[in-house]
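Structure data (CSV, C-alpha atoms) from coords.csv:
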chain,number,residue,atom,x,y,z
E,178,MET,CA,173.1,-121.8,-23.8
E,179,VAL,CA,171.2,-124.2,-21.6
E,180,SER,CA,168.1,-124.3,-23.9
E,181,ARG,CA,170.1,-125.0,-27.0
E,182,THR,CA,171.9,-127.8,-28.7
E,183,THR,CA,175.6,-127.8,-29.5
E,184,ALA,CA,174.7,-127.2,-33.2
E,185,ASP,CA,174.0,-123.6,-32.2
E,186,TYR,CA,177.4,-123.2,-30.6
E,187,GLU,CA,179.0,-124.6,-33.7
E,188,ALA,CA,177.0,-122.3,-36.0
E,189,MET,CA,177.9,-119.2,-33.9
E,190,ARG,CA,181.5,-120.1,-33.9
E,191,ILE,CA,181.5,-120.5,-37.7
E,192,ALA,CA,179.7,-117.1,-38.0
E,193,GLY,CA,182.6,-115.5,-36.1
E,194,CYS,CA,181.2,-115.3,-32.6
E,195,GLU,CA,184.1,-114.9,-30.1
E,196,ALA,CA,182.3,-115.5,-26.8
E,197,VAL,CA,178.9,-116.3,-25.2
E,198,CYS,CA,177.5,-114.3,-22.3
E,199,GLU,CA,174.5,-116.2,-20.8
E,200,PRO,CA,172.2,-114.5,-18.2
E,201,ALA,CA,170.4,-116.4,-15.6
E,202,PHE,CA,166.8,-116.3,-16.8
E,203,TRP,CA,163.4,-117.9,-16.5
E,204,ALA,CA,163.2,-121.5,-17.6
E,205,GLY,CA,159.7,-121.3,-18.9
E,206,PHE,CA,158.4,-122.7,-15.6
E,207,ASP,CA,158.8,-121.7,-11.9
E,208,ARG,CA,161.4,-123.6,-10.0
E,209,SER,CA,160.0,-125.1,-6.8
E,210,SER,CA,162.9,-124.3,-4.5
E,211,ALA,CA,166.2,-122.5,-4.0
E,212,ALA,CA,167.9,-125.9,-4.6
E,213,GLY,CA,166.7,-125.7,-8.2
E,214,PHE,CA,168.6,-122.4,-8.6
E,215,TYR,CA,171.7,-123.9,-6.9
E,216,ASP,CA,171.8,-126.6,-9.5
E,217,TYR,CA,171.1,-124.0,-12.3
E,218,PHE,CA,174.0,-121.8,-11.1
E,219,CYS,CA,176.3,-124.9,-11.1
E,220,GLN,CA,175.1,-125.6,-14.7
E,221,LEU,CA,175.9,-122.0,-15.7
E,222,THR,CA,179.3,-121.9,-14.0
E,223,ASP,CA,180.6,-125.4,-14.4
E,224,TYR,CA,178.9,-127.6,-17.0
E,225,GLU,CA,178.0,-125.1,-19.7
E,226,PRO,CA,181.5,-123.5,-20.0
E,227,LYS,CA,182.8,-127.0,-20.7
E,228,ARG,CA,180.2,-127.7,-23.3
E,229,ALA,CA,180.8,-124.4,-25.1
E,230,ALA,CA,184.6,-124.9,-24.9
E,231,LYS,CA,184.3,-128.0,-27.1
E,232,PHE,CA,183.4,-125.6,-29.9
E,233,GLY,CA,186.0,-123.0,-29.1
E,234,LEU,CA,183.6,-120.6,-27.5
E,235,PRO,CA,184.5,-119.0,-24.2
E,236,HIS,CA,181.4,-119.0,-22.0
E,237,PHE,CA,180.5,-116.3,-19.4
E,238,CYS,CA,177.4,-115.9,-17.3
E,239,TRP,CA,175.4,-113.6,-15.1
E,240,LEU,CA,173.6,-114.7,-11.9
E,241,CYS,CA,170.4,-113.8,-10.2
E,242,ILE,CA,166.8,-114.8,-9.7
E,243,ASN,CA,165.0,-113.5,-12.7
E,244,PRO,CA,162.0,-111.0,-12.2
E,245,LYS,CA,159.4,-113.6,-13.4
E,246,GLU,CA,160.2,-115.6,-10.2
E,247,SER,CA,160.8,-112.6,-7.9
E,248,GLU,CA,157.1,-112.3,-7.0
E,249,ASP,CA,157.7,-115.0,-4.4
E,250,MET,CA,159.9,-112.9,-2.1
E,251,VAL,CA,160.7,-115.8,0.3
E,252,LEU,CA,162.1,-117.9,-2.6
E,253,ALA,CA,163.8,-114.8,-4.1
E,254,ARG,CA,165.7,-114.1,-0.8
E,255,GLU,CA,166.8,-117.7,-0.5
E,256,VAL,CA,168.2,-117.5,-4.0
E,257,LEU,CA,169.9,-114.1,-3.4
E,258,ALA,CA,171.6,-115.7,-0.4
E,259,LEU,CA,173.1,-118.4,-2.6
E,260,ILE,CA,174.7,-116.0,-5.1
E,261,PRO,CA,177.8,-114.7,-3.2
E,262,THR,CA,179.3,-118.2,-3.1
E,263,PHE,CA,179.2,-118.3,-6.9
E,264,LEU,CA,180.5,-114.8,-7.6
E,265,GLU,CA,184.2,-115.9,-7.5
E,266,ARG,CA,183.7,-118.5,-10.2
E,267,SER,CA,185.9,-117.8,-13.2
E,268,ASN,CA,183.1,-117.2,-15.8
E,269,VAL,CA,180.8,-115.0,-13.7
E,270,LEU,CA,180.5,-111.4,-15.1
E,271,GLY,CA,178.1,-110.0,-12.5
E,272,ILE,CA,174.4,-109.8,-11.5
E,273,GLY,CA,171.8,-110.4,-14.1
E,274,GLU,CA,169.4,-110.4,-15.7
E,275,ILE,CA,167.6,-108.6,-12.9
E,276,GLY,CA,164.8,-106.1,-13.5
E,277,LEU,CA,161.0,-106.2,-13.7
E,278,ASN,CA,158.4,-108.2,-15.4
E,279,LYS,CA,154.9,-107.0,-14.5
E,280,ASN,CA,156.2,-104.0,-12.5
E,281,THR,CA,154.9,-105.2,-9.1
E,282,ARG,CA,155.9,-104.0,-5.7
E,283,ASN,CA,157.6,-107.4,-4.9
E,284,GLU,CA,159.6,-107.4,-8.1
E,285,LEU,CA,160.7,-103.9,-7.3
E,286,ALA,CA,161.8,-104.9,-3.8
E,287,ILE,CA,163.8,-107.8,-5.1
E,288,LEU,CA,165.4,-105.6,-7.8
E,289,GLU,CA,166.6,-103.2,-5.1
E,290,GLU,CA,168.1,-106.2,-3.2
E,291,HIS,CA,169.9,-107.4,-6.3
E,292,VAL,CA,171.3,-103.9,-6.9
E,293,ASP,CA,172.5,-103.8,-3.3
E,294,LEU,CA,174.2,-107.2,-3.8
E,295,ALA,CA,175.9,-105.9,-6.9
E,296,ALA,CA,177.1,-102.8,-5.0
E,297,ARG,CA,178.4,-104.7,-2.0
E,298,PHE,CA,180.4,-107.2,-4.2
E,299,ASN,CA,181.3,-104.6,-6.9
E,300,GLN,CA,179.7,-106.5,-9.7
E,301,LEU,CA,178.6,-105.4,-13.2
E,302,ILE,CA,174.8,-105.4,-13.7
E,303,LEU,CA,172.7,-106.7,-16.5
E,304,VAL,CA,169.1,-105.5,-16.4
E,305,HIS,CA,166.0,-107.1,-18.2
E,306,THR,CA,163.3,-104.6,-19.0
E,307,PRO,CA,159.7,-105.8,-19.2
E,308,HIS,CA,157.9,-107.0,-22.3
E,309,LEU,CA,155.7,-105.1,-24.7
E,310,GLU,CA,153.1,-102.8,-23.0
E,311,ASP,CA,155.0,-103.1,-19.7
E,312,LYS,CA,158.4,-101.9,-21.0
E,313,LEU,CA,157.9,-98.2,-20.8
E,314,LYS,CA,156.7,-98.1,-17.2
E,315,GLY,CA,159.2,-100.8,-16.1
E,316,THR,CA,162.2,-99.1,-17.7
E,317,ARG,CA,161.3,-95.8,-15.9
E,318,LEU,CA,161.0,-97.7,-12.5
E,319,ILE,CA,164.2,-99.5,-13.1
E,320,LEU,CA,166.2,-96.4,-13.9
E,321,ASP,CA,164.8,-94.7,-10.7
E,322,VAL,CA,165.9,-97.6,-8.6
E,323,ILE,CA,169.4,-97.8,-10.0
E,324,LYS,CA,170.0,-94.1,-10.1
E,325,SER,CA,168.9,-93.8,-6.4
E,326,ASP,CA,171.8,-96.1,-5.3
E,327,SER,CA,174.8,-93.8,-5.3
E,328,ARG,CA,177.2,-96.8,-5.1
E,329,ILE,CA,176.3,-97.8,-8.6
E,330,GLN,CA,178.3,-96.4,-11.6
E,331,PRO,CA,175.9,-96.1,-14.6
E,332,GLU,CA,178.7,-97.1,-17.0
E,333,ARG,CA,178.9,-100.5,-15.2
E,334,VAL,CA,175.2,-101.2,-15.9
E,335,ILE,CA,173.6,-102.4,-19.2
E,336,ILE,CA,169.8,-101.9,-19.5
E,337,ASP,CA,168.8,-104.5,-22.0
E,338,HIS,CA,165.9,-105.0,-24.5
E,339,VAL,CA,165.6,-101.2,-25.2
E,340,GLU,CA,163.3,-100.2,-28.1
E,341,GLU,CA,162.6,-97.0,-29.9
E,342,HIS,CA,160.6,-95.6,-26.9
E,343,THR,CA,163.2,-96.4,-24.2
E,344,VAL,CA,166.6,-96.2,-25.8
E,345,SER,CA,167.1,-92.5,-25.3
E,346,MET,CA,166.1,-92.4,-21.6
E,347,VAL,CA,168.6,-95.2,-20.9
E,348,LEU,CA,171.5,-93.6,-22.8
E,349,ASP,CA,170.7,-90.1,-21.5
E,350,ALA,CA,171.0,-91.5,-17.9
E,351,GLY,CA,174.5,-92.7,-18.6
E,352,PHE,CA,173.8,-96.4,-18.8
E,353,TRP,CA,174.7,-98.8,-21.6
E,354,ALA,CA,171.7,-99.8,-23.7
E,355,GLY,CA,171.2,-103.4,-25.0
E,356,ILE,CA,169.2,-104.0,-28.2
E,357,THR,CA,168.0,-107.6,-28.2
E,358,LEU,CA,167.2,-109.2,-31.5
E,359,TYR,CA,164.2,-111.5,-31.8
E,360,PRO,CA,162.2,-112.7,-34.8
E,361,GLU,CA,158.9,-111.2,-33.5
E,362,SER,CA,159.2,-109.2,-30.3
E,363,LYS,CA,161.8,-106.6,-29.1
E,364,ALA,CA,163.9,-105.6,-32.2
E,365,THR,CA,164.5,-106.9,-35.7
E,366,PRO,CA,167.9,-106.4,-37.3
E,367,ALA,CA,166.4,-103.5,-39.4
E,368,ARG,CA,164.9,-101.7,-36.4
E,369,ALA,CA,168.1,-102.3,-34.4
E,370,VAL,CA,170.2,-100.5,-37.1
E,371,ASP,CA,167.5,-97.8,-37.3
E,372,MET,CA,168.0,-97.2,-33.5
E,373,VAL,CA,171.8,-97.1,-33.9
E,374,GLU,CA,171.6,-94.7,-36.8
E,375,GLN,CA,169.4,-92.4,-34.7
E,376,ALA,CA,170.9,-92.7,-31.2
E,377,GLY,CA,174.6,-93.2,-32.2
E,378,MET,CA,176.8,-96.2,-31.5
E,379,ARG,CA,178.2,-95.1,-28.3
E,380,ASN,CA,177.3,-97.4,-25.4
E,381,ILE,CA,175.0,-99.6,-27.4
E,382,TRP,CA,175.3,-103.4,-27.4
E,383,LEU,CA,173.5,-105.7,-29.8
E,384,ASN,CA,172.6,-109.1,-28.5
E,385,CYS,CA,170.6,-112.1,-29.5
E,386,ALA,CA,168.6,-114.4,-27.3
E,387,CYS,CA,169.2,-118.1,-27.5
E,388,ASP,CA,166.3,-119.2,-25.4
E,389,TRP,CA,163.6,-121.9,-25.3
E,390,GLY,CA,161.1,-119.9,-27.4
E,391,ARG,CA,161.4,-118.6,-31.0
E,392,SER,CA,164.8,-116.9,-31.1
E,393,GLU,CA,167.8,-116.7,-33.4
E,394,PRO,CA,171.3,-117.4,-32.2
E,395,LEU,CA,172.8,-115.8,-35.4
E,396,ALA,CA,170.8,-112.6,-35.2
E,397,VAL,CA,173.9,-110.5,-34.4
E,398,PRO,CA,175.8,-111.5,-37.5
E,399,GLN,CA,172.5,-111.1,-39.5
E,400,THR,CA,172.4,-107.5,-38.2
E,401,ALA,CA,176.0,-107.0,-39.3
E,402,LEU,CA,174.9,-108.0,-42.7
E,403,GLU,CA,172.0,-105.5,-42.5
E,404,MET,CA,174.4,-102.7,-41.7
E,405,ARG,CA,176.6,-103.6,-44.7
E,406,ARG,CA,173.5,-103.7,-47.0
E,407,ARG,CA,172.9,-100.1,-45.9
E,408,GLY,CA,176.4,-99.1,-46.7
E,409,HIS,CA,177.9,-99.0,-43.2
E,410,SER,CA,181.7,-99.7,-43.2
E,411,ALA,CA,183.3,-102.9,-42.0
E,412,GLU,CA,184.9,-100.8,-39.3
E,413,ALA,CA,181.6,-99.5,-38.1
E,414,VAL,CA,180.2,-103.0,-37.9
E,415,ASP,CA,183.2,-104.2,-36.0
E,416,HIS,CA,182.9,-101.2,-33.6
E,417,LEU,CA,179.3,-102.0,-32.8
E,418,ILE,CA,179.1,-105.7,-32.6
E,419,TYR,CA,182.6,-106.5,-31.3
E,420,GLY,CA,184.2,-103.4,-29.9
E,421,ASN,CA,181.3,-102.2,-27.8
E,422,PRO,CA,180.6,-105.4,-25.9
E,423,LEU,CA,184.4,-105.8,-25.5
E,424,ARG,CA,184.6,-102.4,-23.9
E,425,PHE,CA,181.7,-103.0,-21.5
E,426,LEU,CA,182.7,-106.5,-20.5
E,427,SER,CA,186.4,-105.6,-20.0
E,428,GLN,CA,185.2,-103.8,-16.9
E,429,SER,CA,185.0,-107.3,-15.4
E,430,PRO,CA,188.4,-108.7,-14.4
E,431,ARG,CA,187.0,-112.2,-15.3
E,432,PHE,CA,186.3,-111.3,-18.9
E,433,LYS,CA,189.2,-112.4,-20.9
E,434,LEU,CA,189.4,-113.6,-24.5
E,435,ALA,CA,192.3,-115.9,-25.6
Y,38,MET,CA,171.7,-94.6,-47.4
Y,39,THR,CA,169.6,-92.5,-49.8
Y,40,ARG,CA,165.8,-92.5,-49.8
Y,41,GLN,CA,165.9,-94.4,-53.1
Y,42,GLN,CA,168.1,-97.0,-51.5
Y,43,ALA,CA,165.8,-97.3,-48.5
Y,44,LEU,CA,162.9,-97.9,-50.8
Y,45,ASP,CA,164.9,-100.5,-52.8
Y,46,LEU,CA,165.9,-102.3,-49.7
Y,47,TYR,CA,162.6,-102.2,-47.7
Y,48,PHE,CA,159.6,-101.4,-49.9
Y,49,MET,CA,158.6,-105.0,-50.6
Y,50,ASP,CA,159.0,-106.0,-47.0
Y,51,ALA,CA,156.8,-103.0,-45.9
Y,52,ARG,CA,154.3,-103.8,-48.6
Y,53,CYS,CA,154.0,-107.3,-47.4
Y,54,LYS,CA,153.5,-106.3,-43.7
Y,55,LEU,CA,150.9,-103.6,-44.7
Y,56,ILE,CA,148.9,-106.2,-46.6
Y,57,GLU,CA,149.2,-108.7,-43.7
Y,58,LEU,CA,147.9,-106.0,-41.3
Y,59,ALA,CA,145.0,-105.3,-43.7
Y,60,ALA,CA,144.2,-109.0,-43.9
Y,61,PHE,CA,144.4,-109.3,-40.1
Y,62,LEU,CA,141.8,-106.5,-39.7
Y,63,ASP,CA,139.6,-108.2,-42.3
Y,64,ARG,CA,139.9,-111.5,-40.5
Y,65,VAL,CA,138.9,-110.0,-37.2
Y,66,GLU,CA,136.0,-108.2,-38.9
Y,67,ARG,CA,134.7,-111.5,-40.4
Y,68,SER,CA,134.9,-113.3,-37.1
Y,69,GLU,CA,132.0,-113.7,-34.7
Y,70,GLY,CA,131.8,-112.3,-31.2
Y,71,ASP,CA,133.1,-109.3,-29.4
Y,72,ALA,CA,136.6,-107.9,-29.8
Y,73,ASP,CA,138.7,-106.8,-26.8
Y,74,PHE,CA,140.9,-103.8,-26.1
Y,75,ARG,CA,143.7,-105.1,-28.4
Y,76,LEU,CA,141.7,-104.3,-31.6
Y,77,GLU,CA,141.0,-100.8,-30.4
Y,78,ALA,CA,144.7,-100.4,-29.5
Y,79,ILE,CA,145.7,-101.2,-33.0
Y,80,ARG,CA,143.0,-98.8,-34.4
Y,81,GLN,CA,144.3,-96.0,-32.2
Y,82,ALA,CA,147.9,-96.6,-33.4
Y,83,LEU,CA,147.1,-96.7,-37.1
Y,84,PRO,CA,146.8,-92.9,-37.6
Y,85,LEU,CA,150.3,-92.5,-36.1
Y,86,LEU,CA,151.6,-94.0,-39.3
Y,87,GLN,CA,150.5,-90.9,-41.2
Y,88,ALA,CA,152.3,-88.5,-38.9
Y,89,ALA,CA,155.3,-86.5,-40.2
Y,90,GLY,CA,158.8,-86.9,-38.9
Y,91,THR,CA,161.0,-89.9,-38.1
Y,92,GLU,CA,159.5,-91.2,-34.8
Y,93,ARG,CA,156.5,-93.2,-35.9
Y,94,ALA,CA,157.9,-96.5,-34.4
Y,95,LYS,CA,158.4,-94.7,-31.1
Y,96,ALA,CA,154.9,-93.2,-31.3
Y,97,VAL,CA,153.3,-96.6,-31.9
Y,98,LEU,CA,155.2,-98.2,-29.1
Y,99,LEU,CA,154.1,-95.4,-26.7
Y,100,SER,CA,150.5,-95.7,-27.8
Y,101,LEU,CA,150.5,-99.4,-26.9
Y,102,SER,CA,152.3,-98.9,-23.5
Y,103,ASP,CA,151.0,-98.7,-20.0
Y,104,PRO,CA,151.3,-95.0,-19.2
Y,105,THR,CA,150.9,-95.3,-15.4
Y,106,GLN,CA,153.8,-94.8,-13.0
Y,107,GLU,CA,153.1,-96.7,-9.8
Y,108,PRO,CA,154.1,-100.4,-9.3
Y,109,ILE,CA,151.0,-102.7,-9.2
Y,110,PRO,CA,150.2,-104.6,-5.9
Y,111,ALA,CA,150.8,-108.0,-7.3
Y,112,ALA,CA,151.2,-109.9,-10.6
Y,113,THR,CA,148.1,-111.7,-12.0
Y,114,GLY,CA,150.2,-113.6,-14.5
Y,115,LYS,CA,153.6,-113.6,-16.1
Y,116,GLY,CA,152.9,-112.6,-19.7
Y,117,ALA,CA,152.3,-109.4,-21.6
Y,118,CYS,CA,149.7,-109.2,-24.4
Y,119,GLY,CA,151.1,-106.3,-26.4
Y,120,ALA,CA,148.6,-103.6,-25.6
Y,121,TRP,CA,147.7,-101.8,-22.4
Y,122,PRO,CA,144.2,-102.8,-21.3
Y,123,GLY,CA,143.4,-99.5,-19.7
Y,124,ILE,CA,141.1,-97.1,-21.4
Y,125,ARG,CA,142.6,-94.2,-23.4
Y,126,GLU,CA,140.4,-91.2,-23.9
What does this structure look like when you write it as C-alpha cells?
Amino acid sequence: MVSRTTADYEAMRIAGCEAVCEPAFWAGFDRSSAAGFYDYFCQLTDYEPKRAAKFGLPHFCWLCINPKESEDMVLAREVLALIPTFLERSNVLGIGEIGLNKNTRNELAILEEHVDLAARFNQLILVHTPHLEDKLKGTRLILDVIKSDSRIQPERVIIDHVEEHTVSMVLDAGFWAGITLYPESKATPARAVDMVEQAGMRNIWLNCACDWGRSEPLAVPQTALEMRRRGHSAEAVDHLIYGNPLRFLSQSPRFKLA
Amino acid sequence: MTRQQALDLYFMDARCKLIELAAFLDRVERSEGDADFRLEAIRQALPLLQAAGTERAKAVLLSLSDPTQEPIPAATGKGACGAWPGIRE
C-alpha cells in the first residue's frame, strides 16, 4: 500500500487479513512521463511485496494506467507498452484498475486497449467505475466495451465500486461486483451489507481502499462485524469476505496463499 | 433481522443524519449569494425518501446521476461533485 505506513499492514494482519491486492491507481497528481510509471510498477512488483512481507502479508498487485491519466493518449500508450514486461512478475494478478473517470472518448479508447491487452495475455481484469454522478453512465459504457470483446470471460472480470444503482447490472451481465468501503463515498459497511442482503452473496467481493485520501484499511473486518450485529452467521461472513475473493483470485496461477 | 432489530441498530444513526441534513439546508438558506445545481439536486431527491418499497437508496443515486449515454469529447477536470449539472425537467 504505497500511500500507507507499515502501521496499517500490522493492523490489517492483526485483524485477520490474509493478503493485500493493490491496484495501480492515480497518485493524486499526474505523472509527467512513462518513466514515472515504470518506477511505480517496480515499486508495486518488487519493493512493496517485501515491505508487506515483513508483517506476514502476501502482497499482490494489478497493473495499468488508471483512467484519470488516460486522457493523455500518447502517455497512456507509452505506459501500455511497458506493461507486458511486468506481467510475468510473481505478484501480478492482472490488468487493473482500468475503467473510466469522466466518461470521455479518450478514456474509452484506452479502456478498449487495456481490455485487448488483458485478452492477448490472458489476464484477469479489475475495473474502476467512475465516481458519484458519473458512475451510472460510466458503468454502462464499461459493460458495453467488455461485453463486446468475445475473448473476455465475464467471470474473470471484477467491476469495482458498485453501488445500489449499478450492482444488479454488473451481476446480471455475469461479472463479479466489487463493493468498495469508504468513510464518505462509495459504500459504508451498513450499505454494503444491505446490498449483499438484496443481491445475494454470489460473485460479490468486499474491499477497502487504502489510499492517500480519507480511507479505512480495516473497513472489511468492520463490515464483518456489521454482518454479525445483524445476525449473519460466522460461516456467511467467512464466505463473503474470505471465500469469495479467494474464489475469484484463484483464477490467477500467481495467487497463492501459504 | 427483524424490523424492531433494524430500528434498534440504526435509528439513532439515521436520526443523526436526518438532523445533519436539516441543519445543512438551514445553513445554506442562511448563507448569502446564489446556490448552484447541487442544492436543487438535493431538493429533487428528498421526496424519494417518502416512496414506498425498498429501493430508496437506488432511487436517490439515480436522481443524482448523469442520465446521458454518449461519452463526452474531453474531460474538463478529474473530479466529480456528487450531482449531475444538467437540468432535469
- Find the residues around Ala78 in chain Y up to 12 Å (all atoms listed in the file counted), leave out those fewer than 3 positions away in its own chain, and share them as a list in words.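 Neighbouring residues, sequence-local ones excluded: Glu310 of chain E; Ala72, Asp73, Phe74, Arg75, Gln81, Ala82, Leu83, Pro84, Leu85, Val97, Leu98, Leu99, Ser100, Leu101, Ser102, Asp103, Cys118, Gly119, Ala120, Trp121, Pro122, Gly123, Ile124, Arg125 and Glu126 of chain Y.
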- Distance criterion (only C-alpha atoms): nearest to chain Y out of E:Met178, E:Ala386, E:Met372, E:Ile335: E:Met372
- Hey, can you check how far CA of Arg282 in chain E sits from CA of Pro110 in chain Y?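 Taking CA of Arg282 in chain E as the start and CA of Pro110 in chain Y as the end point, the length is 5.7 Å.
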- Item | At most 8 Å to chain Y: residues in chain E, all atoms listed in the file, as a list of chain:residue names | E:Lys245, E:Glu248, E:Asn278, E:Lys279, E:Asn280, E:Thr281, E:Arg282, E:Asn283, E:Leu285, E:His308, E:Leu309, E:Glu310, E:Asp311, E:Lys312, E:Leu313, E:Lys314, E:Leu318, E:Glu340, E:Glu341, E:His342, E:Arg407, E:Gly408
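Distance check against Ala196 in chain E using only C-alpha atoms: of E:Val414, E:Ala212, E:Leu221, E:Leu234, the minimum falls on E:Leu234.
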- Query: What does the distance from CA of Leu76 in chain Y to CA of Phe61 in chain Y come to in Å, to one decimal?
  - Reply: 10.2 Å
- Computed gap from CA of Gly276 in chain E to CA of Leu252 in chain E is 16.3 Å
- Task: Could you give me, as a PyMOL selection string, the residues within 10 Å of range 419-432 of chain E, counting all atoms listed in the file and dropping anything in the same chain fewer than 4 positions from it?
- Result: chain E and resi 194-196+198+235-237+265-271+299-301+332-335+353+355+378-384+412-415
- Task: Find the residues around range 360-364 of chain E up to 8 Å (only C-alpha atoms counted), leave out those fewer than 3 positions away in its own chain, and share them as an MDAnalysis selection string.
- Result: chainID E and resid 308:309 338:340 356:357 367:369 391:393
- Task: Just the residues within 10 Å of Arg254 in chain E, please, counting only C-alpha atoms, with nothing from its chain fewer than 5 positions along; format it as number ranges by chain.
- Result: E: 211, 242, 247, 249, 259, 287, 290-291
Taking the partial coordinates given, rebuild range 275-299 of chain E to contain N, CA and C atoms; return it as a PDB file, in the coordinates of the input.
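The result, written out as part.pdb:
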ATOM      1  N   ILE E 275     168.567-109.097 -13.937  1.00  0.00           N
ATOM      2  CA  ILE E 275     167.600-108.600 -12.900  1.00  0.00           C
ATOM      3  C   ILE E 275     166.671-107.622 -13.614  1.00  0.00           C
ATOM      4  N   GLY E 276     165.689-107.136 -12.868  1.00  0.00           N
ATOM      5  CA  GLY E 276     164.800-106.100 -13.500  1.00  0.00           C
ATOM      6  C   GLY E 276     163.377-106.334 -13.024  1.00  0.00           C
ATOM      7  N   LEU E 277     162.473-106.080 -13.943  1.00  0.00           N
ATOM      8  CA  LEU E 277     161.000-106.200 -13.700  1.00  0.00           C
ATOM      9  C   LEU E 277     160.362-106.967 -14.765  1.00  0.00           C
ATOM     10  N   ASN E 278     159.227-107.567 -14.433  1.00  0.00           N
ATOM     11  CA  ASN E 278     158.400-108.200 -15.400  1.00  0.00           C
ATOM     12  C   ASN E 278     157.040-107.602 -15.550  1.00  0.00           C
ATOM     13  N   LYS E 279     156.238-107.653 -14.471  1.00  0.00           N
ATOM     14  CA  LYS E 279     154.900-107.000 -14.500  1.00  0.00           C
ATOM     15  C   LYS E 279     154.897-105.729 -13.666  1.00  0.00           C
ATOM     16  N   ASN E 280     156.049-105.269 -13.254  1.00  0.00           N
ATOM     17  CA  ASN E 280     156.200-104.000 -12.500  1.00  0.00           C
ATOM     18  C   ASN E 280     155.425-104.015 -11.200  1.00  0.00           C
ATOM     19  N   THR E 281     155.618-105.064 -10.422  1.00  0.00           N
ATOM     20  CA  THR E 281     154.900-105.200  -9.100  1.00  0.00           C
ATOM     21  C   THR E 281     155.830-104.688  -7.995  1.00  0.00           C
ATOM     22  N   ARG E 282     155.194-104.498  -6.845  1.00  0.00           N
ATOM     23  CA  ARG E 282     155.900-104.000  -5.700  1.00  0.00           C
ATOM     24  C   ARG E 282     156.980-105.084  -5.239  1.00  0.00           C
ATOM     25  N   ASN E 283     156.616-106.376  -5.285  1.00  0.00           N
ATOM     26  CA  ASN E 283     157.600-107.400  -4.900  1.00  0.00           C
ATOM     27  C   ASN E 283     158.759-107.462  -5.858  1.00  0.00           C
ATOM     28  N   GLU E 284     158.466-107.404  -7.142  1.00  0.00           N
ATOM     29  CA  GLU E 284     159.600-107.400  -8.100  1.00  0.00           C
ATOM     30  C   GLU E 284     160.509-106.220  -7.864  1.00  0.00           C
ATOM     31  N   LEU E 285     159.924-105.087  -7.550  1.00  0.00           N
ATOM     32  CA  LEU E 285     160.700-103.900  -7.300  1.00  0.00           C
ATOM     33  C   LEU E 285     161.605-104.047  -6.074  1.00  0.00           C
ATOM     34  N   ALA E 286     161.046-104.649  -5.022  1.00  0.00           N
ATOM     35  CA  ALA E 286     161.800-104.900  -3.800  1.00  0.00           C
ATOM     36  C   ALA E 286     163.004-105.805  -4.050  1.00  0.00           C
ATOM     37  N   ILE E 287     162.762-106.865  -4.821  1.00  0.00           N
ATOM     38  CA  ILE E 287     163.800-107.800  -5.100  1.00  0.00           C
ATOM     39  C   ILE E 287     164.871-107.197  -6.055  1.00  0.00           C
ATOM     40  N   LEU E 288     164.423-106.352  -6.951  1.00  0.00           N
ATOM     41  CA  LEU E 288     165.400-105.600  -7.800  1.00  0.00           C
ATOM     42  C   LEU E 288     166.310-104.770  -6.918  1.00  0.00           C
ATOM     43  N   GLU E 289     165.752-104.071  -5.951  1.00  0.00           N
ATOM     44  CA  GLU E 289     166.600-103.200  -5.100  1.00  0.00           C
ATOM     45  C   GLU E 289     167.592-104.103  -4.302  1.00  0.00           C
ATOM     46  N   GLU E 290     167.176-105.303  -3.907  1.00  0.00           N
ATOM     47  CA  GLU E 290     168.100-106.200  -3.200  1.00  0.00           C
ATOM     48  C   GLU E 290     169.208-106.717  -4.098  1.00  0.00           C
ATOM     49  N   HIS E 291     168.865-106.976  -5.349  1.00  0.00           N
ATOM     50  CA  HIS E 291     169.900-107.400  -6.300  1.00  0.00           C
ATOM     51  C   HIS E 291     170.909-106.235  -6.529  1.00  0.00           C
ATOM     52  N   VAL E 292     170.401-105.028  -6.665  1.00  0.00           N
ATOM     53  CA  VAL E 292     171.300-103.900  -6.900  1.00  0.00           C
ATOM     54  C   VAL E 292     172.204-103.701  -5.663  1.00  0.00           C
ATOM     55  N   ASP E 293     171.651-103.884  -4.483  1.00  0.00           N
ATOM     56  CA  ASP E 293     172.500-103.800  -3.300  1.00  0.00           C
ATOM     57  C   ASP E 293     173.552-104.886  -3.282  1.00  0.00           C
ATOM     58  N   LEU E 294     173.190-106.095  -3.695  1.00  0.00           N
ATOM     59  CA  LEU E 294     174.200-107.200  -3.800  1.00  0.00           C
ATOM     60  C   LEU E 294     175.295-106.830  -4.737  1.00  0.00           C
ATOM     61  N   ALA E 295     174.913-106.308  -5.902  1.00  0.00           N
ATOM     62  CA  ALA E 295     175.900-105.900  -6.900  1.00  0.00           C
ATOM     63  C   ALA E 295     176.844-104.833  -6.328  1.00  0.00           C
ATOM     64  N   ALA E 296     176.273-103.890  -5.605  1.00  0.00           N
ATOM     65  CA  ALA E 296     177.100-102.800  -5.000  1.00  0.00           C
ATOM     66  C   ALA E 296     178.044-103.354  -3.986  1.00  0.00           C
ATOM     67  N   ARG E 297     177.546-104.218  -3.118  1.00  0.00           N
ATOM     68  CA  ARG E 297     178.400-104.700  -2.000  1.00  0.00           C
ATOM     69  C   ARG E 297     179.542-105.597  -2.571  1.00  0.00           C
ATOM     70  N   PHE E 298     179.321-106.287  -3.693  1.00  0.00           N
ATOM     71  CA  PHE E 298     180.400-107.200  -4.200  1.00  0.00           C
ATOM     72  C   PHE E 298     181.002-106.558  -5.496  1.00  0.00           C
ATOM     73  N   ASN E 299     180.718-105.285  -5.760  1.00  0.00           N
ATOM     74  CA  ASN E 299     181.300-104.600  -6.900  1.00  0.00           C
ATOM     75  C   ASN E 299     181.198-105.314  -8.206  1.00  0.00           C
TER      76      ASN E 299
END
